[in-house]
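Undergrad: Provided below: query06.txt, containing compact mmCIF, C-alpha atoms and all ligand atoms.
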```
# COMPACT_ATOMS: atom_id res chain seq x y z
CA MET A 1 -2.93 15.88 -23.94
CA SER A 2 -6.43 15.81 -25.30
CA ALA A 3 -8.77 17.92 -23.20
CA LEU A 4 -11.05 14.96 -22.70
CA GLU A 5 -8.50 12.50 -21.43
CA VAL A 6 -9.43 10.97 -18.10
CA VAL A 7 -8.26 8.21 -15.80
CA LEU A 8 -10.84 5.52 -15.19
CA VAL A 9 -10.45 3.98 -11.78
CA ARG A 10 -11.93 0.58 -11.16
CA TYR A 11 -12.24 -0.75 -7.66
CA GLY A 12 -12.88 -4.34 -6.79
CA GLU A 13 -14.56 -5.58 -3.63
CA LEU A 14 -17.93 -6.01 -5.32
CA TRP A 15 -19.35 -7.68 -2.23
CA LEU A 16 -19.63 -4.29 -0.59
CA LYS A 17 -23.22 -3.27 -0.17
CA GLY A 18 -25.23 -0.27 0.98
CA ARG A 19 -23.63 1.84 3.67
CA ASN A 20 -20.29 0.02 3.48
CA ARG A 21 -20.06 0.70 -0.20
CA ILE A 22 -20.71 4.41 0.26
CA ASP A 23 -18.05 4.62 2.98
CA PHE A 24 -15.60 2.68 0.83
CA GLU A 25 -16.13 5.05 -2.10
CA ARG A 26 -15.90 8.17 0.06
CA THR A 27 -12.68 6.99 1.67
CA LEU A 28 -11.24 6.09 -1.71
CA MET A 29 -12.11 9.50 -3.13
CA ARG A 30 -10.57 11.28 -0.18
CA ASN A 31 -7.38 9.23 -0.57
CA VAL A 32 -7.24 9.85 -4.31
CA ARG A 33 -7.58 13.58 -3.70
CA ARG A 34 -4.83 13.50 -1.10
CA ALA A 35 -2.50 11.49 -3.31
CA LEU A 36 -2.94 14.03 -6.10
CA GLU A 37 -2.73 17.12 -3.90
CA SER A 38 0.84 17.93 -4.82
CA ILE A 39 0.74 17.04 -8.52
CA ASP A 40 -2.75 18.12 -9.56
CA PRO A 41 -4.66 20.05 -6.88
CA ALA A 42 -7.39 21.08 -9.37
CA VAL A 43 -8.21 17.51 -10.40
CA GLU A 44 -11.90 16.67 -10.68
CA LEU A 45 -13.36 13.42 -9.41
CA GLU A 46 -16.69 11.97 -10.26
CA ARG A 47 -18.34 8.81 -9.13
CA GLU A 48 -20.27 7.09 -11.89
CA HIS A 49 -21.94 3.93 -10.63
CA GLY A 50 -19.14 1.60 -9.68
CA LEU A 51 -16.47 3.61 -11.45
CA LEU A 52 -14.41 6.60 -10.42
CA VAL A 53 -13.62 9.06 -13.20
CA VAL A 54 -10.58 11.23 -12.56
CA ARG A 55 -10.28 14.33 -14.75
CA PRO A 56 -6.74 15.64 -14.52
CA THR A 57 -5.68 19.17 -15.35
CA GLN A 58 -2.05 18.04 -15.40
CA ARG A 59 -0.26 15.29 -17.30
CA VAL A 60 -2.59 12.35 -17.31
CA HIS A 61 0.19 9.76 -17.12
CA ASP A 62 1.70 11.34 -14.00
CA VAL A 63 -1.71 11.27 -12.38
CA ALA A 64 -2.34 7.63 -13.35
CA ARG A 65 1.07 6.53 -12.08
CA ARG A 66 0.53 8.27 -8.77
CA LEU A 67 -2.80 6.47 -8.40
CA GLN A 68 -1.09 3.11 -8.77
CA ASP A 69 -0.01 3.52 -5.14
CA VAL A 70 -3.48 4.21 -3.79
CA PHE A 71 -4.98 1.14 -2.13
CA GLY A 72 -8.49 0.10 -3.06
CA ILE A 73 -7.91 0.54 -6.79
CA ALA A 74 -8.03 -2.66 -8.84
CA SER A 75 -7.04 -1.19 -12.19
CA LEU A 76 -6.71 2.04 -14.12
CA ALA A 77 -7.18 3.03 -17.72
CA ILE A 78 -6.20 6.17 -19.56
CA ALA A 79 -9.29 6.91 -21.55
CA GLU A 80 -10.96 9.40 -23.81
CA ALA A 81 -14.47 10.60 -23.07
CA VAL A 82 -16.74 10.33 -26.10
CA PRO A 83 -20.48 10.95 -26.55
CA SER A 84 -22.40 7.66 -26.29
CA GLU A 85 -23.25 7.40 -29.93
CA ARG A 86 -22.20 4.74 -32.44
CA ASP A 87 -20.43 6.86 -35.03
CA ALA A 88 -18.65 9.08 -32.52
CA LEU A 89 -17.41 5.99 -30.67
CA THR A 90 -16.23 4.33 -33.86
CA VAL A 91 -14.29 7.41 -35.00
CA ALA A 92 -12.71 7.85 -31.56
CA ALA A 93 -11.82 4.18 -31.25
CA LEU A 94 -10.15 4.10 -34.66
CA ALA A 95 -8.23 7.31 -33.98
CA LEU A 96 -7.01 5.78 -30.75
CA LEU A 97 -6.05 2.59 -32.54
CA ARG A 98 -4.00 4.60 -35.01
CA ARG A 99 -2.12 6.31 -32.18
CA ALA A 100 -1.61 3.06 -30.29
CA LEU A 101 -0.12 1.44 -33.38
CA ASP A 102 2.58 4.13 -33.42
CA ALA A 103 4.24 2.17 -30.63
CA TYR A 104 4.87 -0.78 -32.99
CA PRO A 105 7.20 -1.01 -36.01
CA ARG A 106 5.30 -0.25 -39.23
CA GLU A 107 5.90 -3.65 -40.79
CA ARG A 108 4.67 -5.61 -37.75
CA VAL A 109 1.17 -7.08 -37.86
CA VAL A 110 -0.27 -6.48 -34.41
CA ARG A 111 -2.66 -8.91 -32.72
CA PHE A 112 -5.65 -6.85 -31.78
CA ARG A 113 -9.22 -6.95 -30.52
CA VAL A 114 -12.01 -4.59 -29.56
CA SER A 115 -13.56 -5.20 -26.13
CA THR A 116 -16.82 -3.39 -25.64
CA LYS A 117 -18.52 -3.39 -22.28
CA ARG A 118 -21.99 -1.96 -22.11
CA SER A 119 -23.33 -0.66 -18.81
CA ASP A 120 -26.06 1.28 -20.56
CA LYS A 121 -28.40 -1.40 -21.82
CA ARG A 122 -30.41 1.23 -23.71
CA PHE A 123 -27.54 1.68 -26.14
CA PRO A 124 -28.95 0.32 -29.43
CA MET A 125 -26.11 -2.14 -30.18
CA LYS A 126 -25.00 -5.16 -28.20
CA SER A 127 -21.33 -5.27 -27.18
CA PRO A 128 -20.17 -7.80 -29.84
CA GLU A 129 -22.01 -5.80 -32.49
CA LEU A 130 -20.12 -2.65 -31.63
CA ASP A 131 -16.85 -4.66 -31.53
CA ARG A 132 -17.55 -5.82 -35.05
CA HIS A 133 -18.76 -2.45 -36.26
CA VAL A 134 -15.50 -0.79 -35.21
CA ALA A 135 -13.35 -3.53 -36.75
CA GLU A 136 -15.29 -3.41 -40.01
CA HIS A 137 -14.94 0.34 -40.38
CA MET A 138 -11.20 0.38 -40.22
CA PRO A 139 -9.56 2.34 -43.03
CA SER A 140 -7.54 0.00 -45.24
CA ASP A 141 -4.12 1.29 -44.10
CA LEU A 142 -5.01 0.35 -40.53
CA ALA A 143 -6.64 -2.94 -41.49
CA GLY A 144 -3.35 -4.04 -43.07
CA ARG A 145 -1.48 -3.53 -39.82
CA VAL A 146 -3.63 -5.58 -37.46
CA LYS A 147 -4.98 -9.08 -37.18
CA VAL A 148 -7.88 -9.91 -34.88
CA ASP A 149 -6.90 -12.18 -32.02
CA LEU A 150 -9.58 -12.53 -29.38
CA ASP A 151 -7.54 -14.68 -27.01
CA GLU A 152 -4.12 -13.09 -26.90
CA PRO A 153 -4.31 -9.56 -28.20
CA GLU A 154 -1.29 -7.29 -27.86
CA LEU A 155 -3.54 -4.33 -28.28
CA ASP A 156 -6.91 -4.46 -26.62
CA LEU A 157 -9.08 -1.52 -27.56
CA GLY A 158 -11.57 -1.00 -24.75
CA ILE A 159 -14.93 0.70 -25.21
CA HIS A 160 -17.01 1.26 -22.12
CA VAL A 161 -20.51 2.28 -23.15
CA ARG A 162 -22.30 4.29 -20.50
CA PRO A 163 -25.24 6.70 -20.39
CA ARG A 164 -24.39 9.99 -22.17
CA THR A 165 -20.61 9.76 -22.03
CA SER A 166 -18.65 6.64 -22.90
CA TYR A 167 -14.94 5.88 -22.79
CA VAL A 168 -12.44 4.43 -25.21
CA PHE A 169 -9.02 3.30 -24.09
CA ALA A 170 -6.03 1.20 -25.03
CA GLU A 171 -3.78 1.79 -22.06
CA ARG A 172 -4.39 -0.03 -18.79
CA LEU A 173 -2.35 0.03 -15.61
CA SER A 174 -2.54 -2.29 -12.63
CA GLY A 175 -3.80 -0.89 -9.35
CA ALA A 176 -2.38 -1.67 -5.89
CA GLY A 177 -5.48 -3.66 -4.91
CA GLY A 178 -6.54 -3.92 -1.28
CA LEU A 179 -8.93 -1.54 0.48
CA PRO A 180 -8.83 2.26 0.85
CA VAL A 181 -6.63 3.21 3.80
CA GLY A 182 -8.84 4.25 6.69
CA SER A 183 -11.76 2.03 5.76
CA VAL A 184 -10.67 -0.60 8.29
CA GLY A 185 -9.51 1.58 11.19
CA CYS A 186 -6.03 2.23 12.47
CA ALA A 187 -3.04 0.25 13.80
CA VAL A 188 0.29 1.03 15.43
CA VAL A 189 3.25 -0.42 13.50
CA LEU A 190 6.50 -1.10 15.29
CA LEU A 191 8.99 0.21 12.76
CA SER A 192 12.62 -0.83 13.04
CA GLY A 193 15.30 0.01 10.52
CA GLY A 194 15.18 -3.55 9.18
CA ILE A 195 13.77 -4.97 5.98
CA ASP A 196 10.68 -6.57 7.48
CA SER A 197 8.69 -4.01 9.41
CA PRO A 198 8.30 -1.51 6.53
CA VAL A 199 6.84 -4.34 4.45
CA ALA A 200 4.53 -5.27 7.33
CA ALA A 201 3.39 -1.62 7.44
CA TRP A 202 2.67 -1.63 3.70
CA LEU A 203 0.66 -4.85 3.91
CA THR A 204 -1.37 -3.43 6.78
CA MET A 205 -2.20 -0.31 4.81
CA LYS A 206 -3.08 -2.47 1.83
CA ARG A 207 -5.90 -4.03 3.82
CA GLY A 208 -7.38 -0.63 4.57
CA CYS A 209 -5.77 0.08 7.93
CA GLU A 210 -4.23 3.46 8.56
CA VAL A 211 -0.89 3.05 10.32
CA VAL A 212 0.86 5.14 12.96
CA LEU A 213 4.56 4.34 13.01
CA LEU A 214 6.35 3.80 16.32
CA SER A 215 10.10 3.46 16.44
CA PHE A 216 12.39 2.97 19.41
CA HIS A 217 15.84 4.48 19.54
CA SER A 218 18.68 3.91 21.96
CA TYR A 219 20.10 7.38 22.02
CA PRO A 220 22.86 8.08 23.15
CA TRP A 221 24.23 4.60 22.44
CA VAL A 222 22.92 4.68 18.95
CA GLY A 223 23.49 7.87 16.97
CA GLU A 224 21.07 10.17 15.20
CA GLY A 225 21.77 8.39 11.92
CA PHE A 226 19.26 5.76 13.03
CA GLU A 227 16.46 8.30 13.41
CA ARG A 228 17.23 9.85 10.03
CA LYS A 229 17.08 6.40 8.48
CA ILE A 230 13.70 5.73 10.10
CA GLU A 231 12.45 9.09 8.86
CA ARG A 232 13.42 8.18 5.31
CA LEU A 233 11.62 4.85 5.66
CA GLY A 234 8.61 6.64 7.12
CA ARG A 235 8.49 9.02 4.17
CA ALA A 236 8.67 6.12 1.73
CA LEU A 237 5.67 4.56 3.49
CA ALA A 238 3.83 7.88 3.69
CA ARG A 239 3.25 7.61 -0.05
CA PHE A 240 0.65 4.92 0.55
CA GLN A 241 -1.72 6.66 2.94
CA PRO A 242 -3.23 10.15 3.30
CA ARG A 243 -1.33 11.20 6.39
CA THR A 244 1.43 9.58 8.38
CA ARG A 245 2.62 10.15 11.90
CA LEU A 246 5.95 8.83 13.06
CA VAL A 247 6.53 8.53 16.79
CA PHE A 248 9.99 8.05 18.31
CA ALA A 249 10.28 6.73 21.85
CA PRO A 250 13.49 6.20 23.82
CA LEU A 251 14.42 2.68 24.86
CA ALA A 252 17.90 3.25 26.31
CA GLU A 253 16.80 3.59 29.93
CA ILE A 254 14.72 0.43 29.69
CA GLN A 255 17.59 -1.45 28.09
CA GLN A 256 19.94 -0.30 30.83
CA ARG A 257 17.55 -1.49 33.56
CA VAL A 258 17.00 -4.82 31.83
CA LYS A 259 20.73 -5.28 31.53
CA ASP A 260 21.19 -4.51 35.22
CA THR A 261 18.47 -6.78 36.54
CA ALA A 262 17.66 -9.64 34.12
CA PRO A 263 19.68 -12.64 32.93
CA PRO A 264 21.33 -11.75 29.56
CA ALA A 265 19.51 -14.50 27.63
CA TYR A 266 16.14 -12.85 28.31
CA ARG A 267 17.05 -9.36 27.21
CA THR A 268 15.60 -9.45 23.71
CA VAL A 269 12.26 -10.90 24.78
CA LEU A 270 12.03 -8.37 27.60
CA TYR A 271 12.80 -5.47 25.24
CA ARG A 272 10.04 -6.69 22.92
CA ARG A 273 7.57 -6.94 25.79
CA MET A 274 8.39 -3.37 26.79
CA MET A 275 7.92 -2.25 23.19
CA GLN A 276 4.46 -3.83 23.20
CA ARG A 277 3.51 -2.02 26.38
CA ILE A 278 4.60 1.35 25.02
CA ALA A 279 2.69 0.55 21.83
CA ASN A 280 -0.39 -0.12 23.97
CA LEU A 281 -0.26 3.44 25.30
CA LEU A 282 0.12 4.92 21.85
CA ALA A 283 -2.67 2.72 20.49
CA GLU A 284 -4.97 4.02 23.19
CA ASP A 285 -4.23 7.66 22.31
CA GLU A 286 -4.57 6.99 18.59
CA ARG A 287 -7.64 4.78 19.02
CA ALA A 288 -5.77 2.06 17.18
CA GLY A 289 -7.18 -1.44 17.20
CA ALA A 290 -4.01 -3.50 16.74
CA VAL A 291 -0.23 -3.53 16.98
CA VAL A 292 1.72 -4.68 13.93
CA THR A 293 5.24 -6.11 13.81
CA GLY A 294 7.54 -7.47 11.11
CA GLU A 295 8.09 -10.72 12.99
CA SER A 296 8.31 -13.91 10.98
CA LEU A 297 8.18 -17.41 12.36
CA GLY A 298 11.57 -18.89 13.15
CA GLN A 299 13.56 -16.11 11.55
CA VAL A 300 15.55 -15.21 14.65
CA ALA A 301 15.70 -16.48 18.22
CA SER A 302 13.03 -14.08 19.46
CA GLN A 303 10.60 -15.37 16.83
CA THR A 304 9.96 -18.90 18.03
CA LEU A 305 6.37 -19.75 18.91
CA GLU A 306 7.22 -19.67 22.60
CA ASN A 307 8.92 -16.28 22.46
CA LEU A 308 6.20 -14.80 20.29
CA ALA A 309 3.73 -15.97 22.94
CA ARG A 310 5.76 -14.30 25.69
CA ILE A 311 5.88 -11.06 23.69
CA GLU A 312 2.16 -11.19 23.03
CA GLU A 313 1.38 -11.66 26.72
CA ALA A 314 2.52 -8.07 27.25
CA ALA A 315 0.14 -6.80 24.57
CA GLU A 316 -3.41 -5.65 25.12
CA LEU A 317 -4.57 -5.54 21.53
CA PRO A 318 -4.30 -8.13 18.77
CA VAL A 319 -0.72 -8.33 17.52
CA LEU A 320 -0.77 -8.58 13.74
CA ARG A 321 2.22 -10.11 12.01
CA PRO A 322 1.60 -9.87 8.27
CA LEU A 323 4.94 -11.55 7.49
CA ILE A 324 4.56 -14.44 9.89
CA CYS A 325 4.79 -17.08 7.13
CA PHE A 326 6.91 -15.18 4.60
CA ASP A 327 10.33 -16.42 3.59
CA LYS A 328 13.00 -13.73 3.60
CA PRO A 329 13.29 -13.63 -0.23
CA GLU A 330 9.53 -13.00 -0.47
CA THR A 331 9.81 -10.11 1.94
CA ILE A 332 12.82 -8.73 0.10
CA ALA A 333 10.98 -8.88 -3.22
CA LEU A 334 8.12 -6.86 -1.76
CA ALA A 335 10.51 -4.41 -0.08
CA ARG A 336 12.11 -3.75 -3.46
CA ARG A 337 8.76 -3.26 -5.10
CA ILE A 338 7.54 -0.71 -2.58
CA GLY A 339 10.85 1.14 -2.48
CA THR A 340 12.01 0.48 1.07
CA PHE A 341 14.70 -2.15 0.46
CA GLN A 342 17.56 0.22 -0.40
CA LEU A 343 16.73 2.35 2.64
CA SER A 344 16.56 -0.66 4.95
CA ILE A 345 19.95 -2.05 4.01
CA GLU A 346 21.76 1.19 4.83
CA ASN A 347 24.01 0.18 7.63
CA GLU A 348 22.87 1.96 10.78
CA PRO A 349 23.05 0.28 14.16
CA ASP A 350 19.64 0.07 15.85
CA CYS A 351 18.56 -0.40 19.43
CA CYS A 352 18.57 -4.19 19.17
CA THR A 353 22.32 -4.22 18.79
CA VAL A 354 22.69 -2.65 22.24
CA PHE A 355 23.55 -5.23 24.91
CA GLN A 356 22.65 -8.06 22.56
CA PRO A 357 23.21 -11.36 24.42
CA GLU A 358 25.42 -14.00 22.84
CA ARG A 359 22.97 -16.80 23.55
CA PRO A 360 19.40 -15.58 23.64
CA ILE A 361 16.75 -17.84 25.10
CA ILE A 362 15.00 -19.85 22.38
CA ARG A 363 11.94 -21.11 24.22
CA GLY A 364 11.19 -18.59 26.90
CA ARG A 365 8.86 -20.08 29.52
CA ARG A 366 6.29 -17.82 31.04
CA SER A 367 7.43 -18.30 34.64
CA GLU A 368 11.04 -17.63 33.72
CA VAL A 369 10.22 -14.53 31.73
CA LEU A 370 8.13 -13.17 34.58
CA ALA A 371 10.96 -13.92 37.02
CA ALA A 372 13.44 -12.16 34.72
CA GLU A 373 11.17 -9.14 34.64
CA ALA A 374 10.50 -9.09 38.38
CA GLY A 375 13.27 -6.62 39.18
CA LEU A 376 11.88 -3.95 36.87
CA ASP A 377 9.50 -1.10 37.57
CA VAL A 378 7.60 -1.98 34.41
CA GLU A 379 4.85 0.59 34.67
CA GLY A 380 7.16 3.46 35.58
CA LEU A 381 9.65 2.70 32.83
CA VAL A 382 6.95 2.34 30.20
CA ALA A 383 5.21 5.56 31.24
CA ALA A 384 8.51 7.48 31.23
CA ALA A 385 9.48 6.21 27.76
CA TYR A 386 6.08 7.09 26.38
CA ALA A 387 6.11 10.53 27.96
CA ALA A 388 9.47 11.23 26.27
CA ARG A 389 8.13 10.48 22.77
CA ARG A 390 8.65 12.79 19.83
CA VAL A 391 6.02 12.99 17.11
CA LEU A 392 6.64 13.88 13.46
CA ASP A 393 4.11 14.46 10.71
CA LEU A 394 5.57 13.02 7.56
CA LYS A 395 5.12 14.03 3.95
CA ALA A 396 5.71 11.48 1.23
P1 LIG B 1 12.94 -6.03 10.97
O1 LIG B 1 13.58 -6.37 9.67
O2 LIG B 1 11.60 -5.38 10.84
O3 LIG B 1 13.85 -5.31 11.90
P2 LIG B 1 13.67 -8.51 12.09
O4 LIG B 1 13.33 -9.76 11.38
O5 LIG B 1 15.04 -7.97 12.00
O6 LIG B 1 12.62 -7.40 11.67
P3 LIG B 1 13.72 -8.11 14.91
O7 LIG B 1 14.84 -7.16 14.74
O8 LIG B 1 13.81 -9.19 15.90
O9 LIG B 1 13.31 -8.81 13.59
O10 LIG B 1 12.42 -7.29 15.22
C1 LIG B 1 11.15 -7.88 15.22
C2 LIG B 1 10.10 -6.79 15.13
O11 LIG B 1 10.14 -5.97 16.30
C3 LIG B 1 10.37 -5.83 13.98
O12 LIG B 1 9.86 -6.31 12.77
C4 LIG B 1 9.65 -4.60 14.46
O13 LIG B 1 8.27 -4.69 14.21
C5 LIG B 1 9.90 -4.63 15.95
N1 LIG B 1 11.09 -3.83 16.29
C6 LIG B 1 12.36 -4.25 16.42
N2 LIG B 1 13.18 -3.22 16.71
C7 LIG B 1 12.42 -2.13 16.75
C8 LIG B 1 12.66 -0.72 16.98
N3 LIG B 1 13.87 -0.25 17.21
N4 LIG B 1 11.60 0.12 16.94
C9 LIG B 1 10.36 -0.34 16.69
N5 LIG B 1 10.08 -1.61 16.45
C10 LIG B 1 11.08 -2.51 16.48
MG MG B 2 15.52 -5.97 12.95
```
Can the structure in the file be given as structure tokens, please?
Ligand code: ATP
Ligand code: MG

TA:
Amino acid sequence: MSALEVVLVRYGELWLKGRNRIDFERTLMRNVRRALESIDPAVELEREHGLLVVRPTQRVHDVARRLQDVFGIASLAIAEAVPSERDALTVAALALLRRALDAYPRERVVRFRVSTKRSDKRFPMKSPELDRHVAEHMPSDLAGRVKVDLDEPELDLGIHVRPRTSYVFAERLSGAGGLPVGSVGCAVVLLSGGIDSPVAAWLTMKRGCEVVLLSFHSYPWVGEGFERKIERLGRALARFQPRTRLVFAPLAEIQQRVKDTAPPAYRTVLYRRMMQRIANLLAEDERAGAVVTGESLGQVASQTLENLARIEEAAELPVLRPLICFDKPETIALARRIGTFQLSIENEPDCCTVFQPERPIIRGRRSEVLAAEAGLDVEGLVAAAYAARRVLDLKA
């Protein structure tokens, strides 16, 4: 690795102004530092108007790949720092071109362009002039291997001209987009062992919300395998935010009471209402501003508009449902991409399989749901389940 190799981090969200912009950048830098803690603790970060320059002390590609999972980053480039001076930039750009061409067979003519961007307007050449200057100073052996193609280059040699130090690069990586986790507050995510809720958690983090994971188990009816599965899912999600807490709360007692006192068809909706109430308590302690679920319209009986309304009536905060209009294949595609799919399809029974009614109510009416719930000591059961919670701090 060349001593001067850096990762250029570009963040989008250009509408951010003043104070918001400073907070956004601070949060992003904190998250970048955290993400790199285990692979490059000595990394240096520097903010250079609208750009974050990451100077790794370890393998630059490992660092760049790790940063692809940090929200708030639009794109990344692996770049070389070069003094902001015409000849130095030309030499560096051509040396980089030579190395980049190594990736192609010798006899191939590679479509290529130079893309200069100038954020230092005092630099004596305009961007297209520097583009041309570099192309015209190619040694003949290189010139024979490339053909300029401004529209569809295979190899796009970037030059970012800045005050004092500029950057040349050929390798770009996509960022995860979104906003830095923590810049938009915190939410409680109801995490089941299914495919959907981990994806809902990821989407919530993507929009800048830190998530606290809450999972209900039905021990002793459902074994410890379920909790281990949830822990694995939690660790997979922990990769996307600086710190992750996973909270387990018992649901078995509540399920038993519901079974004893409510008509079977209402069980699922009543369980979901109880989950919301326990989530309310956690949200209060965590100062969370919303509760997130993996529910999707019409996917199962408990996800009709009527039943979603009944579930929401037990909530005190906004209930966010990032997947509400996703088709299952769309959710599965995302689950694969973020690495939770294989974990989710491991076959472990979860609490919802306990006392599942054969014919759940499809359009639960408010009066009927309230009547079905009337035999329960709602407050006592919720408080007891919350008091029995177990909290884990997860590492990615
Ligand atoms: P998932 O794939 O996330 O399980 P699903 O489509 O299977 O979702 P349900 O099983 O009906 O739907 O669950 C709906 C939502 O309720 C889940 O997405 C999750 O947010 C929440 N939920 C269900 N079971 C649990 C649980 N055991 N612990 C925490 N949350 C749960
Ligand atoms: Mg499920």

Undergrad: Using only C-alpha atoms, which protein or nucleic acid residues come within 12 Å of segment 326-342 of chain A? Drop anything in the same chain fewer than 6 positions from it, and give the result as a PyMOL selection string.

TA: chain A and resi 68-69+176+193-203+206+229-240+294-300

Undergrad: For atom CA of Val369 of chain A and atom CA of Ser302 of chain A, determine how far apart the two atoms are, in Å to one decimal place.

TA: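 It comes out at 12.6 Å.
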
Undergrad: Ranking A:Arg272, A:His49, A:Arg365, A:Arg390 by minimum distance to ligand LIG 1 (chain B) and counting all atoms listed in the file, which one comes first?

TA: A:Arg272

Undergrad: Give me the residues within 8 Å of Ala187 of chain A as a PDB file with C-alpha atoms, keeping the file's coordinate frame, counting all atoms listed in the file and dropping any in the same chain fewer than 5 places off.

TA:
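Output file result.pdb is given in full below:
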```pdb
ATOM      1  CA  CYS A 209      -5.770   0.080   7.930  1.00  0.00           C
ATOM      2  CA  GLU A 210      -4.230   3.460   8.560  1.00  0.00           C
ATOM      3  CA  VAL A 211      -0.890   3.050  10.320  1.00  0.00           C
ATOM      4  CA  VAL A 212       0.860   5.140  12.960  1.00  0.00           C
ATOM      5  CA  ALA A 283      -2.670   2.720  20.490  1.00  0.00           C
ATOM      6  CA  ALA A 288      -5.770   2.060  17.180  1.00  0.00           C
ATOM      7  CA  GLY A 289      -7.180  -1.440  17.200  1.00  0.00           C
ATOM      8  CA  ALA A 290      -4.010  -3.500  16.740  1.00  0.00           C
ATOM      9  CA  VAL A 291      -0.230  -3.530  16.980  1.00  0.00           C
ATOM     10  CA  VAL A 292       1.720  -4.680  13.930  1.00  0.00           C
TER      11      VAL A 292
END
```

Undergrad: Using only C-alpha atoms - which residues lie no farther than 7 Å from the point (18.2, -16.3, 26.6) in the file's frame? Write them as a ChimeraX atom specification.

TA: /A:264-266,359-362

Undergrad: Save out the residues we just selected, C-alpha atoms, as a compact mmCIF listing (two decimals), in the coordinates of the input.

TA:
```
# COMPACT_ATOMS: atom_id res chain seq x y z
CA PRO A 264 21.33 -11.75 29.56
CA ALA A 265 19.51 -14.50 27.63
CA TYR A 266 16.14 -12.85 28.31
CA ARG A 359 22.97 -16.80 23.55
CA PRO A 360 19.40 -15.58 23.64
CA ILE A 361 16.75 -17.84 25.10
CA ILE A 362 15.00 -19.85 22.38
```

Undergrad: For ligand MG 2 (chain B), which of A:Met274, A:Ala103, A:Leu191, A:Ala135 is the closest residue, counting only C-alpha atoms and all ligand atoms?

TA: A:Leu191

Undergrad: Counting only C-alpha atoms and all ligand atoms, which residue out of A:Ala74, A:Ile311, A:Ala388, A:Val382 sits closest to ligand LIG 1 (chain B)?

TA: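 Closest to ligand LIG 1 (chain B) of all the choices is A:Ile311.
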
Undergrad: From the list A:Glu368, A:Gly182, A:Glu313, A:Glu348, which residue is nearest Glu224 of chain A when using all atoms listed in the file?

TA: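 The closest residue to Glu224 of chain A is A:Glu348.
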
Undergrad: Grab the atom N3 of ligand LIG 1 (chain B) to atom CA of Phe216 of chain A distance for me, in Å with one decimal place.

TA: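 Taking atom N3 of ligand LIG 1 (chain B) as the start and atom CA of Phe216 of chain A as the end point, the length is 4.2 Å.
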
Undergrad: Could you tell me which of A:Arg86, A:Arg34, A:Arg111, A:Lys147 comes closest to Arg66 of chain A if we count only C-alpha atoms?

TA: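 Closest candidate: A:Arg34.
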
Undergrad: When distances are computed from only C-alpha atoms, which of A:Arg207, A:Arg33, A:Arg26, A:Arg122 shows the smallest separation from Val181 of chain A?

TA: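 Of A:Arg207, A:Arg33, A:Arg26, A:Arg122, the one nearest Val181 of chain A is A:Arg207, counting only C-alpha atoms.
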